[in-house]
Each structure stands twice: as C-alpha cells, then as structure tokens.
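Asks: Sharing run-v8.cif below, mmCIF, C-alpha atoms:
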```cif
data_work
loop_
_atom_site.label_atom_id
_atom_site.label_comp_id
_atom_site.auth_asym_id
_atom_site.auth_seq_id
_atom_site.Cartn_x
_atom_site.Cartn_y
_atom_site.Cartn_z
CA MET E 9 0.00 0.00 0.00
CA THR E 10 1.07 3.61 -0.42
CA ARG E 11 2.92 4.99 2.62
CA THR E 12 1.76 8.60 2.39
CA LYS E 13 0.66 11.13 4.96
CA ASP E 14 -2.74 10.74 6.60
CA ASP E 15 -4.69 11.76 3.45
CA GLY E 16 -7.35 13.66 5.39
CA ILE E 17 -7.84 11.10 8.18
CA ALA E 18 -7.45 13.70 10.94
CA ALA E 19 -10.02 15.95 9.28
CA ARG E 20 -12.52 13.12 8.86
CA VAL E 21 -12.18 12.10 12.50
CA ALA E 22 -12.58 15.72 13.61
CA ALA E 23 -15.67 16.15 11.40
CA GLN E 24 -17.65 13.43 13.18
CA ASP E 25 -20.61 14.49 15.34
CA TRP E 26 -18.79 14.07 18.62
CA ALA E 27 -21.68 15.27 20.78
CA ALA E 28 -23.90 12.56 19.29
CA LEU E 29 -21.17 9.93 19.59
CA ALA E 30 -20.61 10.83 23.25
CA ALA E 31 -24.34 10.55 23.95
CA GLU E 32 -24.51 7.13 22.30
CA LEU E 33 -21.46 5.95 24.24
CA ASP E 34 -23.18 7.08 27.44
CA ALA E 35 -26.33 5.14 26.54
CA TYR E 36 -24.89 1.94 25.10
CA GLY E 37 -21.11 1.81 25.61
CA SER E 38 -20.49 1.93 21.86
CA ALA E 39 -21.06 4.35 18.98
CA LEU E 40 -20.68 3.98 15.21
CA THR E 41 -18.83 6.74 13.36
CA GLY E 42 -19.28 7.87 9.78
CA ARG E 43 -16.84 6.85 7.09
CA LEU E 44 -13.17 7.35 8.00
CA LEU E 45 -11.36 5.43 5.23
CA ASP E 46 -12.15 4.87 1.56
CA SER E 47 -12.19 1.37 0.07
CA GLY E 48 -8.63 1.67 -1.26
CA ALA E 49 -7.23 2.57 2.14
CA CYS E 50 -9.20 -0.29 3.71
CA ARG E 51 -7.80 -2.78 1.22
CA GLY E 52 -4.30 -1.43 1.76
CA ILE E 53 -4.48 -1.97 5.51
CA SER E 54 -6.03 -5.45 5.24
CA GLN E 55 -3.30 -6.51 2.78
CA LEU E 56 -0.68 -5.73 5.43
CA PHE E 57 -1.78 -8.91 7.17
CA ASP E 58 0.35 -10.86 4.70
CA GLU E 59 3.45 -8.68 5.29
CA PRO E 60 4.91 -10.06 8.54
CA GLU E 61 7.53 -7.33 8.89
CA HIS E 62 4.80 -5.00 10.21
CA PHE E 63 3.97 -7.18 13.21
CA ARG E 64 5.57 -8.18 16.50
CA THR E 65 3.50 -11.33 17.04
CA THR E 66 0.65 -13.43 15.66
CA VAL E 67 -2.09 -15.07 17.74
CA ASP E 68 -4.06 -18.15 16.70
CA MET E 69 -7.31 -17.66 18.61
CA ALA E 70 -8.33 -21.32 18.58
CA ARG E 71 -5.02 -22.36 20.10
CA HIS E 72 -5.58 -20.04 23.06
CA ARG E 73 -9.33 -20.75 23.24
CA PHE E 74 -10.13 -17.13 22.41
CA GLY E 75 -12.47 -18.20 19.60
CA SER E 76 -11.37 -18.98 16.04
CA GLY E 77 -9.41 -16.86 13.59
CA CYS E 78 -6.12 -15.01 13.69
CA TYR E 79 -4.83 -11.60 14.70
CA ARG E 80 -1.50 -9.84 14.53
CA TYR E 81 -0.10 -7.08 16.76
CA PHE E 82 1.69 -4.28 14.92
CA THR E 83 5.17 -3.16 15.92
CA HIS E 84 5.56 0.40 17.17
CA ASP E 85 6.55 1.37 13.62
CA LEU E 86 2.92 1.81 12.59
CA PRO E 87 1.80 2.21 8.97
CA GLU E 88 0.80 5.82 8.37
CA PRO E 89 -3.00 5.35 8.25
CA VAL E 90 -2.96 3.39 11.51
CA ARG E 91 -0.78 6.00 13.22
CA ALA E 92 -2.94 8.83 11.87
CA LEU E 93 -6.18 7.25 13.06
CA ARG E 94 -4.91 6.64 16.58
CA GLU E 95 -3.47 10.15 16.90
CA ALA E 96 -6.67 11.72 15.54
CA PHE E 97 -8.98 9.77 17.85
CA TYR E 98 -7.10 10.28 21.12
CA PRO E 99 -7.91 13.99 21.70
CA ARG E 100 -11.55 13.40 20.72
CA LEU E 101 -11.96 10.50 23.13
CA LEU E 102 -10.03 12.13 25.96
CA PRO E 103 -12.86 14.43 27.20
CA ILE E 104 -15.25 11.46 27.27
CA ALA E 105 -12.71 9.36 29.19
CA ARG E 106 -12.20 12.13 31.74
CA GLU E 107 -15.94 12.66 32.12
CA TRP E 108 -16.51 8.96 32.73
CA ALA E 109 -13.70 8.84 35.28
CA GLY E 110 -15.26 11.76 37.14
CA ARG E 111 -18.66 10.10 37.25
CA LEU E 112 -17.17 6.91 38.66
CA GLY E 113 -14.81 8.66 41.09
CA ARG E 114 -11.74 7.22 39.40
CA PRO E 115 -8.37 8.82 38.62
CA ALA E 116 -8.00 10.34 35.17
CA PRO E 117 -4.25 10.03 34.55
CA TRP E 118 -4.34 10.68 30.81
CA PRO E 119 -2.39 13.75 29.65
CA ASP E 120 -3.39 15.84 26.65
CA ASP E 121 -0.58 14.33 24.56
CA LEU E 122 -0.83 10.70 23.39
CA ASP E 123 2.95 10.24 23.24
CA GLU E 124 3.25 11.36 26.85
CA TRP E 125 0.58 8.87 27.90
CA LEU E 126 2.38 6.06 26.05
CA ARG E 127 5.63 7.01 27.79
CA MET E 128 3.75 6.64 31.08
CA CYS E 129 2.58 3.19 29.99
CA HIS E 130 6.14 2.21 29.12
CA GLY E 131 7.41 3.49 32.45
CA ALA E 132 4.90 1.22 34.17
CA GLY E 133 6.12 -1.82 32.23
CA GLN E 134 3.51 -1.74 29.44
CA SER E 135 5.81 -1.24 26.46
CA ARG E 136 4.48 -3.49 23.68
CA SER E 137 2.29 -2.20 20.86
CA ALA E 138 -1.38 -3.14 21.20
CA GLN E 139 -2.57 -2.06 17.72
CA ILE E 140 -4.09 -5.07 16.07
CA LEU E 141 -5.14 -6.38 12.67
CA LEU E 142 -7.66 -9.24 12.72
CA ARG E 143 -8.64 -11.76 10.04
CA TYR E 144 -11.65 -14.08 10.22
CA GLY E 145 -12.77 -16.74 7.73
CA PRO E 146 -15.86 -18.98 7.57
CA GLY E 147 -16.69 -20.36 11.01
CA ASP E 148 -14.38 -17.95 12.86
CA TRP E 149 -15.49 -15.89 15.84
CA ASN E 150 -14.11 -13.97 18.80
CA ALA E 151 -15.04 -14.78 22.39
CA LEU E 152 -16.34 -12.04 24.66
CA HIS E 153 -13.40 -10.32 26.35
CA ARG E 154 -11.79 -7.05 27.43
CA ASP E 155 -8.51 -5.59 26.13
CA VAL E 156 -6.99 -4.81 29.52
CA PHE E 157 -3.22 -5.29 29.44
CA GLY E 158 -2.17 -3.83 32.77
CA ASP E 159 -2.89 -1.10 35.29
CA MET E 160 -2.41 1.66 32.71
CA LEU E 161 -5.76 1.65 30.95
CA PHE E 162 -7.54 3.97 28.55
CA PRO E 163 -11.30 3.34 28.83
CA LEU E 164 -12.23 3.64 25.14
CA GLN E 165 -11.00 1.98 21.96
CA VAL E 166 -11.94 1.82 18.27
CA VAL E 167 -12.43 -0.94 15.70
CA VAL E 168 -12.49 -0.06 11.99
CA GLY E 169 -14.18 -2.29 9.40
CA LEU E 170 -11.98 -3.05 6.39
CA ASP E 171 -14.36 -5.24 4.33
CA THR E 172 -17.94 -4.82 3.11
CA PRO E 173 -20.62 -6.79 4.98
CA GLY E 174 -22.87 -8.78 2.67
CA GLU E 175 -20.31 -8.68 -0.13
CA ASP E 176 -16.95 -9.72 1.30
CA PHE E 177 -18.42 -11.70 4.20
CA THR E 178 -21.65 -12.57 6.00
CA GLY E 179 -22.19 -12.87 9.74
CA GLY E 180 -19.36 -11.45 11.83
CA GLU E 181 -21.33 -8.80 13.71
CA PHE E 182 -19.56 -6.90 16.49
CA VAL E 183 -21.13 -7.99 19.78
CA MET E 184 -21.16 -6.37 23.22
CA THR E 185 -22.72 -7.54 26.46
CA GLU E 186 -23.41 -5.48 29.56
CA GLN E 187 -23.61 -7.04 32.98
CA ARG E 188 -26.41 -5.37 34.91
CA PRO E 189 -26.79 -5.51 38.70
CA ARG E 190 -29.47 -7.93 39.89
CA ALA E 191 -30.63 -8.49 36.28
CA GLN E 192 -29.88 -10.52 33.18
CA SER E 193 -27.03 -9.34 30.95
CA ARG E 194 -27.98 -7.17 27.97
CA GLY E 195 -26.52 -7.63 24.48
CA PHE E 196 -25.84 -5.27 21.57
CA SER E 197 -24.75 -6.11 18.03
CA THR E 198 -23.42 -3.84 15.30
CA THR E 199 -22.76 -4.49 11.63
CA LEU E 200 -19.57 -2.59 10.88
CA PRO E 201 -19.57 -0.96 7.42
CA GLN E 202 -16.34 -0.77 5.46
CA GLY E 203 -14.27 2.26 6.44
CA HIS E 204 -16.40 3.12 9.47
CA GLY E 205 -15.26 2.96 13.07
CA LEU E 206 -16.97 1.75 16.21
CA VAL E 207 -15.91 3.48 19.41
CA PHE E 208 -16.56 1.28 22.42
CA THR E 209 -15.68 0.88 26.06
CA THR E 210 -12.61 -1.11 26.99
CA ARG E 211 -13.99 -2.29 30.32
CA ASP E 212 -17.22 -0.63 31.53
CA ARG E 213 -19.37 2.49 31.26
CA PRO E 214 -20.95 4.78 33.88
CA VAL E 215 -24.58 3.92 34.60
CA ALA E 216 -26.87 6.40 36.35
CA GLY E 217 -28.91 5.05 39.24
CA LYS E 218 -30.96 6.26 42.19
CA ARG E 219 -27.83 6.43 44.33
CA GLY E 220 -25.59 8.05 41.74
CA TRP E 221 -23.23 6.57 39.20
CA SER E 222 -22.07 2.97 39.12
CA ASN E 223 -20.00 1.01 36.62
CA GLY E 224 -21.66 -1.23 34.04
CA PRO E 225 -19.13 -3.98 33.14
CA MET E 226 -19.05 -4.75 29.42
CA ARG E 227 -17.31 -7.26 27.14
CA HIS E 228 -16.97 -7.39 23.38
CA GLY E 229 -16.49 -10.04 20.72
CA VAL E 230 -17.46 -11.05 17.17
CA SER E 231 -20.26 -13.38 16.10
CA THR E 232 -19.51 -16.31 13.80
CA VAL E 233 -18.52 -15.42 10.25
CA ARG E 234 -20.78 -17.48 7.97
CA SER E 235 -18.96 -16.90 4.67
CA GLY E 236 -16.11 -14.92 3.13
CA ARG E 237 -13.30 -13.12 4.90
CA ARG E 238 -13.54 -10.30 7.46
CA HIS E 239 -10.68 -7.94 8.39
CA THR E 240 -10.77 -5.28 11.09
CA LEU E 241 -8.28 -2.83 12.55
CA GLY E 242 -8.21 -2.42 16.32
CA LEU E 243 -6.97 0.84 17.87
CA VAL E 244 -6.08 0.63 21.55
CA PHE E 245 -4.86 3.70 23.41
CA HIS E 246 -2.69 1.96 25.99
CA ASP E 247 0.22 -0.39 25.37
CA ALA E 248 0.56 -3.96 26.58
CA SER E 249 2.79 -5.50 29.23
#
```
Represent the supplied structure as structure tokens.

Replies:
Amino acid sequence: MTRTKDDGIAARVAAQDWAALAAELDAYGSALTGRLLDSGACRGISQLFDEPEHFRTTVDMARHRFGSGCYRYFTHDLPEPVRALREAFYPRLLPIAREWAGRLGRPAPWPDDLDEWLRMCHGAGQSRSAQILLRYGPGDWNALHRDVFGDMLFPLQVVVGLDTPGEDFTGGEFVMTEQRPRAQSRGFSTTLPQGHGLVFTTRDRPVAGKRGWSNGPMRHGVSTVRSGRRHTLGLVFHDAS
C-alpha cells in the first residue's frame, strides 16, 4: 500500500458528530462513526496482514481458546493510516474518558498528549504495541473479552471495518454484552460498514442510578462469520505488558 501522509484522516475524525457519539457511548457503551477510510485505504491496511515485517506477534485464537481466527499485533513502527487514526482519535476520546472517570470517582491520569501517555505506559512496564489487525474466515469468531493489558488503561477503543458486509463476508457482527446488577445481561450487536469505526468501552461504562453513578461492566467479541473473509483494525490507546 502507499505509505503517504494521513490523506485527510485527521479531518474526517474531527468532522464526526462528537456530541452525538458521546451521547450514544453514554447510553450503550459503543457508537458507530461515519466513514473514515475509503475502500482503497481499507484494502491497503487489510493486505498488510500478509506482510509479517509490520507485526511483533501473531495469535491463533483457537489455540488459546479465544475463539477462532487469527490476529497480529503491529510493531511500534505503525503504517501511516494506523498512526494517523490513533493520533486523531485520542484527543476526541479524551474528554469522554475524563468525564466517565469523574462520574465513577476514578483517577484520570491521561495527559493531553498521546505520546506522553504512552511514555507513562512504558514506564509502568507496558511497552508493547497493542494495535491489532484481525482476520476471520468462515466459522471464525471472537469470544467475549476485554482488552486490559495492565494497570495503565484507557477506557475507550476503536475498531475499523476493512471489508464490506454482505459482499466480502456474511455474519461477523460486532457484539457487546453489559452485565447489569441484579438483572440478566444485555446484548448489543453492530454491523460494521467498510471504512467506518466503532468506538466502544474497553472495560465498563458509567450507569446512572438512584444512588448516583455505578459502573456497568461490558465485554466485546465477534459473532460467527458465515462466509467470506472479514478484516478489522483495532486501535487501543494503551500499550501492553
């Protein structure tokens, strides 16, 4: 793929309706953005999966009982579109993260600058890149989980769809469940259009109740892909131990 500058990625992220996205995150713990990448950029990123020099490790999900399929963690030398997306999202997500921390009475250690935050992660022993490229084929799926890699945690992350649902693959919806106090868990599913992002909670979301705010624990995964091939890009705003 072409290694050029961000090609308008920062502007497209900035142009999203962030008030509406924040409200949807408050209500459901996830929110679908408008289009961030064109089809050519999506194909370029998905094709990186077959270029091992971009990745520090590969995980076979079935081997680890995480589901079925394969994902690869990028090195810190990120391809330009991946770097641009992460840098563009961080300042937009930061006010939401701080607001959520305030509601839940938690520390909000995240500085204004992403690089400074990553240096803090590294200083705490979380020094491995957590940006991820995932590939699913027929019958593959991802078990419900959280991407918590240590004490240094950013509460929001983003997944970007790189293929077209209904054309490149069927099935493979993004799934979230919310554990509710003294009640059955609630589920959400989202079909992720090509080039669009889904912002979602890493761990939990604030839930308003009669006695104030409490945390609503949430997990995410992917339903079974019925046909074709599905690629997604995962943007995580803390590094791994």

Asks: Return as a ChimeraX atom specification the set of residues that the PyMOL selection byres ((chain E and resi 41-43) around 7) yields on the displayed structure.

Replies: /E:24,39-40,44-45,203-206

Asks: Keeping only C-alpha atoms, write those residues as an mmCIF file, in the frame of the given file.

Replies:
```cif
data_model
loop_
_atom_site.group_PDB
_atom_site.id
_atom_site.type_symbol
_atom_site.label_atom_id
_atom_site.label_comp_id
_atom_site.auth_asym_id
_atom_site.auth_seq_id
_atom_site.Cartn_x
_atom_site.Cartn_y
_atom_site.Cartn_z
ATOM 1 C CA GLN E 24 -17.650 13.430 13.180
ATOM 2 C CA ALA E 39 -21.060 4.350 18.980
ATOM 3 C CA LEU E 40 -20.680 3.980 15.210
ATOM 4 C CA LEU E 44 -13.170 7.350 8.000
ATOM 5 C CA LEU E 45 -11.360 5.430 5.230
ATOM 6 C CA GLY E 203 -14.270 2.260 6.440
ATOM 7 C CA HIS E 204 -16.400 3.120 9.470
ATOM 8 C CA GLY E 205 -15.260 2.960 13.070
ATOM 9 C CA LEU E 206 -16.970 1.750 16.210
#
```

Asks: Give me, as a tab-separated table, the closest atom pair and its distance (Å, one decimal) for every residue of range 35-114 of chain E within a cut-off of 7 Å of range 155-175 of chain E, counting all atoms listed in the file, rows sorted by chain and rising number.

Replies:
```
residue	atom	partner	partner_atom	distance
E:Cys50	CA	E:Leu170	CA	4.7
E:Arg51	CA	E:Leu170	CA	6.7
E:Ser54	CA	E:Leu170	CA	6.5
E:Ala105	CA	E:Pro163	CA	6.2
```

Asks: Starting from the displayed file, determine the output of the PyMOL selection byres ((chain E and resi 85) around 12) and express the residue list as a ChimeraX atom specification.

Replies: /E:61-64,81-84,86-91,136-139

Asks: I need the residue nearest Trp149 in chain E from this list: E:Asp247, E:Glu59, E:Glu181, E:Asp25. Use all atoms listed in the file for the distance.

Replies: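 Selected residue with least distance to Trp149 in chain E: E:Glu181.
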
Asks: Of the candidates E:Arg20, E:Arg71, E:Arg154, E:Arg114, which one gets nearest to Phe97 in chain E if we count all atoms listed in the file?

Replies: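 Result for the nearest residue to Phe97 in chain E: E:Arg20.
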
Asks: I'd like to know which of E:Gly37, E:Val233, E:Asp148, E:Gly133 is closest to Gln187 in chain E, using all atoms listed in the file.

Replies: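 The shortest atom-to-atom distance to Gln187 in chain E comes from E:Gly37.
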
Asks: So what do you get for CA of Gly113 in chain E versus CA of Thr210 in chain E, distance-wise?

Replies: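 Computed distance, CA of Gly113 in chain E to CA of Thr210 in chain E, equals 17.3 Å.
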
Asks: Point out the residue among E:Thr198, E:Asp176, E:Leu152, E:Asp212 with the least atom-to-atom distance to Phe74 in chain E, counting all atoms listed in the file.

Replies: E:Leu152

Asks: Which distance in Å separates CA of Gly220 in chain E and CA of Ala191 in chain E, to one decimal?

Replies: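 Taking CA of Gly220 in chain E and CA of Ala191 in chain E, their separation equals 18.1 Å.
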
Asks: When the PyMOL selection byres ((chain E and resi 108) around 10) is applied to the file above, which residues end up in the set, as a PyMOL selection string?

Replies: chain E and resi 34+102-107+109-114+116+163+212-215+221+223

Asks: With only C-alpha atoms as the basis for distance, which of E:Gly147, E:His72, E:Tyr98, E:Val21 is at the shortest distance from Leu126 in chain E?

Replies: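 Under the stated criterion, the closest residue is E:Tyr98.
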
Asks: What does the distance between CA of Met184 in chain E and CA of Phe196 in chain E come to in Å, to one decimal place?

Replies: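 We find that CA of Met184 in chain E and CA of Phe196 in chain E lie 5.1 Å from each other.
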
Asks: Could you list, as a ChimeraX atom specification, every residue within 6 Å of Met226 in chain E, counting only C-alpha atoms and ignoring same-chain residues fewer than 2 positions away?

Replies: /E:185-186,211-212

Asks: Which residue out of E:Cys129, E:Ile53, E:Leu243, E:Val230 has the minimum interatomic distance to Gln202 in chain E when all atoms listed in the file are used?

Replies: E:Ile53

Asks: Please list, as a list of chain:residue names, the residues that have an atom at most 12 Å away from (-2.5, -15.1, 18.7) in the coordinates of this file, counting only C-alpha atoms.

Replies: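 With a cut-off of 12 Å, the residues come to E:Phe63, E:Arg64, E:Thr65, E:Thr66, E:Val67, E:Asp68, E:Met69, E:Ala70, E:Arg71, E:His72, E:Arg73, E:Phe74, E:Gly75, E:Ser76, E:Gly77, E:Cys78, E:Tyr79, E:Arg80, E:Tyr81, E:Ile140, E:Leu141, E:Leu142, E:Arg143, E:Asn150.
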
Asks: Reconstruct range 131-142 of chain E at the level of all heavy atoms, and format the result as a compact mmCIF listing (two decimals), in the coordinates of the input.

Replies:
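And here's selection17.txt as it stands now:
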```
# COMPACT_ATOMS: atom_id res chain seq x y z
N GLY E 131 6.78 3.39 31.15
CA GLY E 131 7.41 3.49 32.45
C GLY E 131 6.83 2.55 33.47
O GLY E 131 7.49 2.17 34.45
N ALA E 132 5.56 2.16 33.26
CA ALA E 132 4.90 1.22 34.17
C ALA E 132 5.05 -0.23 33.71
O ALA E 132 4.43 -1.13 34.29
CB ALA E 132 3.42 1.57 34.28
N GLY E 133 5.88 -0.46 32.69
CA GLY E 133 6.12 -1.82 32.23
C GLY E 133 5.23 -2.29 31.10
O GLY E 133 5.29 -3.46 30.70
N GLN E 134 4.36 -1.41 30.58
CA GLN E 134 3.51 -1.74 29.44
C GLN E 134 4.13 -1.09 28.20
O GLN E 134 3.83 0.05 27.86
CB GLN E 134 2.08 -1.24 29.65
CG GLN E 134 1.36 -1.95 30.78
CD GLN E 134 -0.03 -1.42 31.05
OE1 GLN E 134 -0.46 -1.35 32.21
NE2 GLN E 134 -0.75 -1.03 30.02
N SER E 135 5.00 -1.84 27.52
CA SER E 135 5.81 -1.24 26.46
C SER E 135 5.62 -1.87 25.10
O SER E 135 6.29 -1.50 24.14
CB SER E 135 7.30 -1.34 26.84
OG SER E 135 7.68 -2.69 27.03
N ARG E 136 4.68 -2.82 24.96
CA ARG E 136 4.48 -3.49 23.68
C ARG E 136 3.26 -2.92 22.96
O ARG E 136 2.22 -2.64 23.58
CB ARG E 136 4.30 -4.99 23.88
CG ARG E 136 5.52 -5.67 24.48
CD ARG E 136 5.40 -7.19 24.41
NE ARG E 136 4.29 -7.67 25.21
CZ ARG E 136 3.84 -8.92 25.17
NH1 ARG E 136 4.41 -9.80 24.37
NH2 ARG E 136 2.83 -9.29 25.94
N SER E 137 3.39 -2.75 21.66
CA SER E 137 2.29 -2.20 20.86
C SER E 137 1.05 -3.07 20.98
O SER E 137 1.13 -4.30 20.93
CB SER E 137 2.71 -2.10 19.40
OG SER E 137 1.61 -1.74 18.59
N ALA E 138 -0.11 -2.42 21.10
CA ALA E 138 -1.38 -3.14 21.20
C ALA E 138 -2.28 -2.90 20.00
O ALA E 138 -3.44 -3.30 20.01
CB ALA E 138 -2.11 -2.73 22.48
N GLN E 139 -1.77 -2.25 18.94
CA GLN E 139 -2.57 -2.06 17.72
C GLN E 139 -2.66 -3.38 16.98
O GLN E 139 -1.66 -4.10 16.85
CB GLN E 139 -1.95 -0.97 16.86
CG GLN E 139 -1.55 0.29 17.61
CD GLN E 139 -2.59 0.76 18.62
OE1 GLN E 139 -3.74 1.02 18.27
NE2 GLN E 139 -2.20 0.83 19.88
N ILE E 140 -3.84 -3.70 16.48
CA ILE E 140 -4.09 -5.07 16.07
C ILE E 140 -4.84 -5.14 14.74
O ILE E 140 -5.69 -4.29 14.45
CB ILE E 140 -4.91 -5.77 17.20
CG1 ILE E 140 -5.07 -7.25 16.96
CG2 ILE E 140 -6.25 -5.10 17.40
CD1 ILE E 140 -5.70 -7.99 18.15
N LEU E 141 -4.46 -6.11 13.93
CA LEU E 141 -5.14 -6.38 12.67
C LEU E 141 -5.68 -7.81 12.75
O LEU E 141 -4.93 -8.75 13.03
CB LEU E 141 -4.17 -6.24 11.49
CG LEU E 141 -4.75 -6.33 10.09
CD1 LEU E 141 -5.81 -5.27 9.84
CD2 LEU E 141 -3.63 -6.19 9.04
N LEU E 142 -6.99 -7.96 12.52
CA LEU E 142 -7.66 -9.24 12.72
C LEU E 142 -8.18 -9.78 11.39
O LEU E 142 -8.66 -9.01 10.55
CB LEU E 142 -8.83 -9.11 13.69
CG LEU E 142 -8.50 -8.55 15.08
CD1 LEU E 142 -8.84 -7.07 15.14
CD2 LEU E 142 -9.25 -9.30 16.17
```
